[in-house]
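Engineer: Please see the structure below; I have some questions.
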Amino acid sequence: MAKYVIIGGVAGGATAAARLRRLDESSEIILLERGDYISYANCGLPYYAGGVIKERSKLFVMTPEKFRSTLAVDVRTGHEASSIDAKAKSVTIVEKATGRTYSESYDALVLSPGAEPVKPLLPGIDDERIFTLRSVPDIDAIKEHIDAKRPERAIIVGAGFIGLEMAENLRERGIFVTIVEALDQVMGVIDQEMAAIVHQHIKAKGVELYLSDSVAAFERRGGKIVVRLKSGKDLPADMVLLSIGVKPDTKLAKEAGLELDQRGAILVDQGMRTSDPFIYAVGDAVACVSPLTGKAAAVPLAGPANKEARIVADTIVASADGASTGGRKYGGAIGTSIAKVFDLTVACTGLSEKACDRDRIAHDAVIVHPSSHAGYYPDAKPFSLKVVFDRDSGKLLGAQAVGYDGVDKRIDVIAAFLSMGAGVDALTKFEHAYAPPFASAKDPVNYAGFVAENIRAGLSAQVRWNDVSRLRTEGAFLLDVRTPEEFALGHIEGAVNISNTDLRARLAEIPRDRFILLYCGVGIRGYLAERILRQNGWKDLANLAGGWKTYEAATEVQTNEDIYRPGLAAITRARLEPVAYAEGSGQPEAIAALSSQTIEVDACGLQCPGPIMRLKTEMDKAAVGTTLKVRATDPGFARDAEAWCHLTGNSLVGIEENKGIFEASIQKNAGQEPSVSPTLRSVGKEATLIVFSDDFDRALASFVIANGAAASGKKVTMFFTFWGLSVVKRRKAPRVAKDFMGRMFGMMLPKNSGKLSLSKLNMGGMGAAMMKGRMKAKKIDQLETMMESALKAGVRMTACQMSMDIMGVAREELMDGVEIGGVASYLDAASGANLNLFI
Ligand code: FAD
């Protein structure tokens with residue numbers, strides 16, 4: 001009877017034990033685990049801290065008892081292997097509870113000791129508020145600290161997958177989170193321009209982000225732990241999580257004389273054999289030869305650990321019933337990983353461009369920004385995909401994706417092609433399952449393949465976002481082929497705007513003696529323009545990979561240091577912690593308060609103040625005690641809903657954001673008296689706005705505020721005076737007799753709200769037209785609709801009699817519903833108002 005001893009009882013160790021038993025029923029299998037638990041979900045630990053996984057018991061995939069009874073494995077938790085005598089084929093073990101030392105011989109020994117978090121020897125590192133995360137006891141300690149000490153601010157040092165998952169989960173608990181990362185980007189496994197999208201998202205979630213800075217020391221000061229950065233900044237906190245990477249836990253292996261790589265990982269062959277013929281190793285502790293680089297590398301992920309564990313059992317034992325299991329080989333990990341970072345999914349497989357540079361692999365890459373599924377089907381979400389390939393052979397080397405939906409399946413598909421050694425042409429042929437809710441007829445994977453194929457075929461050349469400043473210095477001609485409206489909203493400095501549709505007619509404006517750098521929004525129109533130019537004789541030109549979208553994300557400010565300066569903190573905290581957590585439970589307290597009567601309100605697609613107005617309309621109709629669940633896609637809705645509840649005295653039960661959709665649960669209260677903040681109790685119930693300007697944008701702003709105030713239950717009066725009278729003039733005004741000055745003003749001033757100009761960038765009316773186009777695209781109500789809504793919502797519109805007289809505006813020229821009043825009516829309204837605006 002063979003005797004197998006396994007060190008480490010979690011991902012690799014437990015899997016190896018189970019497979020060994022399935023192959024060799026007669027063997028003796030001893031599983032040594034120094035901790036108290038085996039086979040638990042390390043990957044779920046951050047979500048337990050955040051309360052997403054509510055029951056601790058859910059973390060345990062298998063208990064020692066179940067393992068013993070179902071697999072007849074001798075599980076010994078609390079038993080630590082303290083040394084290996086490779087010559088004698090025996091392991092010395094310490095029973096931790098008693099201190100007893102004993103030894104076990106083996107026929108085959110499997111090491112799966114994992115990796116330990118890196119903890120640098122910095123001053124103050126032993127403070128009890130500094131945590132690392134590897135195991136169940138680690139997360140228990142973190143959770144206990146959060147529940148008992150209610151920390152206000154946490155600093156996460158290191159922005160890899162674990163650090164970012166913990167950032168999200170600590171934020172879930174209402175804690176201010178600051179991330180400090182030594183690199184100039186988060187998630188070192190992806191490239192910088194892809195990480196830039198993640199930076200903007202992290203910032204939008206109210207997490208403070210420091211890049212290119214690292215910890216010099218920790219200090220205790222005034223009840224806080226102060227993280228001193230190398231830049232000299234001091235960040236006070238109530239807890240710190242160190243997540244700066246892991247190192248293989250291979251002290252035992254080293255002492256046993258096994259061959260290790262430079263980073264201390266155990267070198268294994270494709271059968272997971274170490275340099276000792278009777279010792280095998282798997283998981284985070286090993287380095288296998290990468291099929292992509294041909295070099296040994298450690299890939300500390302759960303998937304590889306499990307696959308290696310299956311192989312190791314096959315290598316050690318041919319199946320006792322003669323089934324053919326031996327000789328199977330592990331091809332090495334390509335490094336496929338994924339993480340949820342708030343609402344984003346970030347995933348990658350294979351090599352990044354950075355990794356290719358490090359390994360001197362000649363490569364190229366494409367970046368595309370299609371939608372997660374057909375754009376015409378609701379809820380299509382932005383999606384960015386980068387594919388890296390061998391410049392000469394076109395063989396796939398890696399891919400990275402960032403988006404809200406469908407990131408996992410695209411990366412898994414490319415990972416499958418990658419592990420089979422396919423080229424980018426395989427992506428063009430990939431036949432996917434398509435219907436509008438799931439994909440487009442051309443999937444993002446196809447798209448990336450098409451772009452790569454075009455480059456390889458010489459149809460297109462491309463430059464990257466970080467080539468732009470050099471090319472500009474070298475005198476390149478920057479050609480922006482988007483529409484003038486898009487150009488006006490932001491462009492690369494010095495670019496000339498000729499839209500791709502106008503290009504054929506304006507070829508004479510493109511120099512022939514300079515390098516032409518073309519770009520558009522995401523790359524497609526740039527390519528179309530490039531094809532026009534190439535076929536008209538231009539040779540020295542290239543399209544910008546990923547277009548303006550990639551360039552803008554990568555060149556924007558990436559950090560948001562100091563957002564938690566005193567004062568702001570209190571405001572932000574109140575906003576971000578609408579739901580209180582029950583002490584120690586990890587569960588929100590308030591959810592139980594939901595009434596049985598629930599009305600669903602869909603305000604998706606409406607822009608401010610649309611969702612709030614919708615909320616108000618539905619709330620007016622609802623009975624006391626009813627809960628409204630309002631879904632909106634407007635990012636400002638979360639804050640607006642909270643403010644609206646404060647003002648109206650209704651209860652905000654909770655706000656959740658899920659993949660860009662905000663859902664607020666709001667309960668209607670009797671009397672709707674303000675119930676939250678004492679300062680808000682004394683809030684006046686009226687608002688007045690003096691509209692003095694006839695600028696389109698100012699008029700727009702005044703109606704947004706008026707509608708918002710009306711939706712909050714305020715009585716709103718708008719007082720139109722002087723130039724502001726043009727805003728409330730009828731579209732089709734009757735002819736009225738006027739004196740000379742009246743006629744002059746009538747000629748010079750805008751005829752009605754449709755003719756107003758922008759206060760800035762009007763460009764002979766083009767700016768206003770652009771603004772209207774943009775409002776339409778963003779589904780924001782036009783000014784006229786807002787005016788109608790205001791009237792319907794009971795906003796009083798008063799035209800100033802005195803101004804009408806001076807400007808020669810007749811009553812008949814004003815829109816229906818506009819009253820005429822004097823300063824007294826304004827003062828009357830203003831006296832009851834705590835909101836008085838002059839626009
Ligand atoms: P482990 O699962 O760590 O098991 C090693 C065990 O060996 C430990 O329990 C240790 O106590 C025991 N041990 C060590 N030395 C001895 C000794 N001398 N005697 C007895 N016992 C010993 N991977 C993913 O792919 N996706 C994820 O989302 C993901 N999320 C993660 C989140 C967190 C918080 C953590 C910590 C890891 C995550 N991982 C994830 C990584 C994944 O958990 C590891 O890659 C995987 O667990 C490695 O398996 P292993 O068997 O090598 O080591």
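Every chain in the structure tokens takes a letter, A first, then B, and so on in the order presented; its residues are numbered from 1, and the ligands are numbered from 1 following the presented order.
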Compile the contact shell of segment 260-267 of chain A as a count of residues only: residues with an atom at most 9 Å away, counting only C-alpha atoms, same-chain residues fewer than 6 positions apart removed.

Structural biologist: 21

Engineer: How would you write, as an MDAnalysis selection string, the set of residues in segment 700-818 of chain A that DSSP gives as strand (DSSP E)?

Structural biologist: chainID A and resid 715:720 796:800 818

Engineer: Tell me, in Å to one decimal, how far atom CA of Gly51 of chain A is from atom CA of Arg173 of chain A.

Structural biologist: 7.7 Å

Engineer: Could you list, as JSON, numbers by chain, all the residues within 7 Å of ligand 1, counting only C-alpha atoms and all ligand atoms?

Structural biologist: {"A": [7, 8, 9, 10, 11, 12, 13, 32, 33, 34, 35, 38, 42, 43, 44, 45, 46, 79, 80, 81, 82, 112, 113, 114, 115, 133, 134, 135, 162, 249, 252, 282, 283, 284, 285, 300, 301, 302, 303, 305, 337, 338, 339]}

Engineer: Please indicate the distance in Å from atom CA of Met786 of chain A to atom CA of Gly610 of chain A, rounded to one decimal place.

Structural biologist: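 Separation of atom CA of Met786 of chain A and atom CA of Gly610 of chain A: 9.3 Å.
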
Engineer: Go through A:Ile414, A:Ala108, A:Ile130, A:Ile84 one by one, measure the shortest atom-to-atom distance of each to Leu258 of chain A using only C-alpha atoms, and give the residue with the smallest value.

Structural biologist: A:Ile84

Engineer: Select, from A:Ala347, A:Val299, A:Ile563, A:Ile492, the residue with the minimum atom-to-atom distance to Val177 of chain A, counting only C-alpha atoms.

Structural biologist: A:Ile563

Engineer: Could you name the residues that touch Ala830 of chain A at 8 Å or less, counting only C-alpha atoms, but leaving out those on the same chain fewer than 6 positions away, as a PDB file with N, CA and C atoms, in the first residue's frame?

Structural biologist:
ATOM      1  N   GLU A 686     -39.980  77.485  -0.409  1.00  0.00           N
ATOM      2  CA  GLU A 686     -40.083  78.191  -1.676  1.00  0.00           C
ATOM      3  C   GLU A 686     -38.718  78.459  -2.271  1.00  0.00           C
ATOM      4  N   ALA A 687     -38.713  78.617  -3.581  1.00  0.00           N
ATOM      5  CA  ALA A 687     -37.463  78.965  -4.266  1.00  0.00           C
ATOM      6  C   ALA A 687     -37.778  80.005  -5.324  1.00  0.00           C
ATOM      7  N   THR A 688     -36.903  80.966  -5.460  1.00  0.00           N
ATOM      8  CA  THR A 688     -37.111  81.963  -6.518  1.00  0.00           C
ATOM      9  C   THR A 688     -35.866  82.046  -7.386  1.00  0.00           C
ATOM     10  N   ASN A 836     -32.588  81.603  -3.437  1.00  0.00           N
ATOM     11  CA  ASN A 836     -32.783  82.743  -4.328  1.00  0.00           C
ATOM     12  C   ASN A 836     -31.624  82.794  -5.297  1.00  0.00           C
TER      13      ASN A 836
END

Engineer: Can you build me a table of segment 61-132 of chain A residues sitting at most 12 Å from segment 314-329 of chain A, with the closest atom pair per residue and its distance in Å to one decimal, using only C-alpha atoms, sorted by chain and residue number, as a Markdown table?

Structural biologist:
| residue | atom | partner | partner_atom | distance |
| --- | --- | --- | --- | --- |
| A:Asp107 | CA | A:Ile316 | CA | 9.5 |
| A:Ala108 | CA | A:Ile316 | CA | 7.2 |
| A:Leu109 | CA | A:Ile316 | CA | 9.5 |
| A:Val110 | CA | A:Ile316 | CA | 9.4 |

Engineer: Quick one: DSSP helix (DSSP H, G or I) residues in segment 507-540 of chain A, as a list in words?

Structural biologist: Leu507, Ala508, Glu509, Ile524, Arg525, Gly526, Tyr527, Leu528, Ala529, Glu530, Arg531, Ile532, Leu533, Arg534 and Gln535 of chain A

Engineer: List the spatial neighbours of Ile142 of chain A as a ChimeraX atom specification - criterion: any atom at most 12 Å away, only C-alpha atoms, same-chain residues fewer than 2 positions off excluded.

Structural biologist: /A:45-46,48-50,128-140,144-151,154,166,169-170,238-242,584

Engineer: Given the selection you just returned, output its residues as a file containing N, CA and C atoms, formatted as a CSV table (one decimal), in the first residue's frame.

Structural biologist:
chain,number,residue,atom,x,y,z
A,45,LEU,N,-12.7,35.6,0.3
A,45,LEU,CA,-12.5,36.3,1.6
A,45,LEU,C,-12.8,37.8,1.5
A,46,PRO,N,-12.4,38.5,0.5
A,46,PRO,CA,-12.7,40.0,0.5
A,46,PRO,C,-14.2,40.2,0.5
A,48,TYR,N,-16.5,38.4,2.0
A,48,TYR,CA,-17.0,38.2,3.3
A,48,TYR,C,-16.7,39.5,4.2
A,49,ALA,N,-15.6,40.1,3.9
A,49,ALA,CA,-15.3,41.3,4.7
A,49,ALA,C,-16.3,42.4,4.4
A,50,GLY,N,-16.7,42.5,3.1
A,50,GLY,CA,-17.7,43.5,2.7
A,50,GLY,C,-19.1,43.2,3.0
A,128,GLU,N,-0.8,46.7,15.3
A,128,GLU,CA,-1.9,45.7,15.2
A,128,GLU,C,-3.0,46.1,14.3
A,129,ARG,N,-2.9,47.3,13.8
A,129,ARG,CA,-3.9,47.8,12.8
A,129,ARG,C,-3.5,47.6,11.4
A,130,ILE,N,-2.3,47.0,11.2
A,130,ILE,CA,-1.8,46.6,9.9
A,130,ILE,C,-2.1,45.2,9.6
A,131,PHE,N,-2.8,44.9,8.5
A,131,PHE,CA,-3.3,43.6,8.2
A,131,PHE,C,-2.7,43.1,6.9
A,132,THR,N,-2.6,41.8,6.7
A,132,THR,CA,-2.4,41.2,5.4
A,132,THR,C,-3.6,40.2,5.2
A,133,LEU,N,-3.8,39.7,4.0
A,133,LEU,CA,-4.9,38.8,3.8
A,133,LEU,C,-4.5,37.6,3.0
A,134,ARG,N,-4.5,36.5,3.7
A,134,ARG,CA,-4.2,35.2,3.0
A,134,ARG,C,-5.2,34.1,3.4
A,135,SER,N,-5.6,34.2,4.6
A,135,SER,CA,-6.3,33.0,5.2
A,135,SER,C,-7.6,33.4,6.0
A,136,VAL,N,-8.3,32.4,6.4
A,136,VAL,CA,-9.6,32.7,7.2
A,136,VAL,C,-9.2,33.5,8.5
A,137,PRO,N,-8.2,33.1,9.3
A,137,PRO,CA,-7.9,33.9,10.4
A,137,PRO,C,-7.6,35.4,10.1
A,138,ASP,N,-6.9,35.6,8.9
A,138,ASP,CA,-6.6,37.0,8.5
A,138,ASP,C,-7.9,37.8,8.3
A,139,ILE,N,-8.9,37.1,7.6
A,139,ILE,CA,-10.1,37.9,7.4
A,139,ILE,C,-10.9,38.0,8.7
A,140,ASP,N,-10.9,37.0,9.5
A,140,ASP,CA,-11.6,37.1,10.8
A,140,ASP,C,-11.0,38.4,11.6
A,144,GLU,N,-13.2,41.6,12.5
A,144,GLU,CA,-13.4,41.9,13.9
A,144,GLU,C,-13.0,43.4,14.2
A,145,HIS,N,-11.9,43.8,13.5
A,145,HIS,CA,-11.4,45.2,13.7
A,145,HIS,C,-12.5,46.1,13.1
A,146,ILE,N,-13.1,45.8,12.0
A,146,ILE,CA,-14.1,46.7,11.4
A,146,ILE,C,-15.3,46.8,12.3
A,147,ASP,N,-15.8,45.6,12.7
A,147,ASP,CA,-17.0,45.6,13.5
A,147,ASP,C,-16.8,46.2,14.9
A,148,ALA,N,-15.7,46.0,15.5
A,148,ALA,CA,-15.5,46.5,16.9
A,148,ALA,C,-15.0,48.0,16.8
A,149,LYS,N,-14.1,48.3,15.9
A,149,LYS,CA,-13.5,49.6,16.0
A,149,LYS,C,-14.1,50.6,15.1
A,150,ARG,N,-15.0,50.2,14.2
A,150,ARG,CA,-15.7,51.1,13.2
A,150,ARG,C,-14.7,52.1,12.6
A,151,PRO,N,-13.6,51.6,11.9
A,151,PRO,CA,-12.6,52.5,11.3
A,151,PRO,C,-13.3,53.4,10.3
A,154,ALA,N,-9.4,53.6,5.8
A,154,ALA,CA,-8.4,52.5,5.6
A,154,ALA,C,-7.5,52.9,4.5
A,166,MET,N,-10.5,44.4,-2.0
A,166,MET,CA,-10.7,44.9,-0.6
A,166,MET,C,-11.1,46.3,-0.6
A,169,ASN,N,-14.7,46.3,-1.1
A,169,ASN,CA,-15.5,45.7,0.0
A,169,ASN,C,-15.4,46.6,1.3
A,170,LEU,N,-14.3,47.3,1.5
A,170,LEU,CA,-14.2,48.2,2.6
A,170,LEU,C,-15.1,49.4,2.4
A,238,ASP,N,-7.2,54.4,10.3
A,238,ASP,CA,-7.6,53.5,11.4
A,238,ASP,C,-7.2,52.1,11.1
A,239,MET,N,-6.9,51.8,9.9
A,239,MET,CA,-6.4,50.5,9.6
A,239,MET,C,-5.7,50.5,8.2
A,240,VAL,N,-4.8,49.5,8.1
A,240,VAL,CA,-4.0,49.4,6.9
A,240,VAL,C,-4.0,48.0,6.4
A,241,LEU,N,-4.2,47.9,5.1
A,241,LEU,CA,-4.1,46.5,4.5
A,241,LEU,C,-2.9,46.5,3.6
A,242,LEU,N,-2.0,45.6,3.8
A,242,LEU,CA,-0.8,45.5,3.0
A,242,LEU,C,-1.1,44.4,1.9
A,584,GLY,N,-21.4,43.7,13.8
A,584,GLY,CA,-20.9,42.4,13.8
A,584,GLY,C,-21.5,41.4,12.7

Engineer: I need the residue nearest Ala733 of chain A from this list: A:Asp816, A:Asp697, A:Thr785, A:Arg470. Use only C-alpha atoms for the distance.

Structural biologist: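 The answer is A:Asp816, which sits nearest to Ala733 of chain A.
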
Engineer: Work out how far atom CA of Leu479 of chain A is from atom CA of Asp502 of chain A, in Å to one decimal.

Structural biologist: 12.3 Å

Engineer: Which polymer residues have any atom within 9 Å of an atom of segment 698-715 of chain A, counting only C-alpha atoms, with same-chain residues fewer than 4 positions away left out, as JSON, numbers by chain?

Structural biologist: {"A": [608, 609, 610, 612, 613, 614, 615, 616, 617, 640, 643, 644, 645, 647, 648, 684, 685, 686, 687, 688, 689, 690, 691, 693, 694, 724, 727, 753, 756, 758, 759, 782, 783, 786, 787, 789, 790, 793, 794, 795, 796, 829, 833, 837, 839]}

Engineer: Nearest to Glu788 of chain A: which of A:Gly654, A:Gly188, A:Gly817, A:Pro750 is it, counting only C-alpha atoms?

Structural biologist: A:Gly817
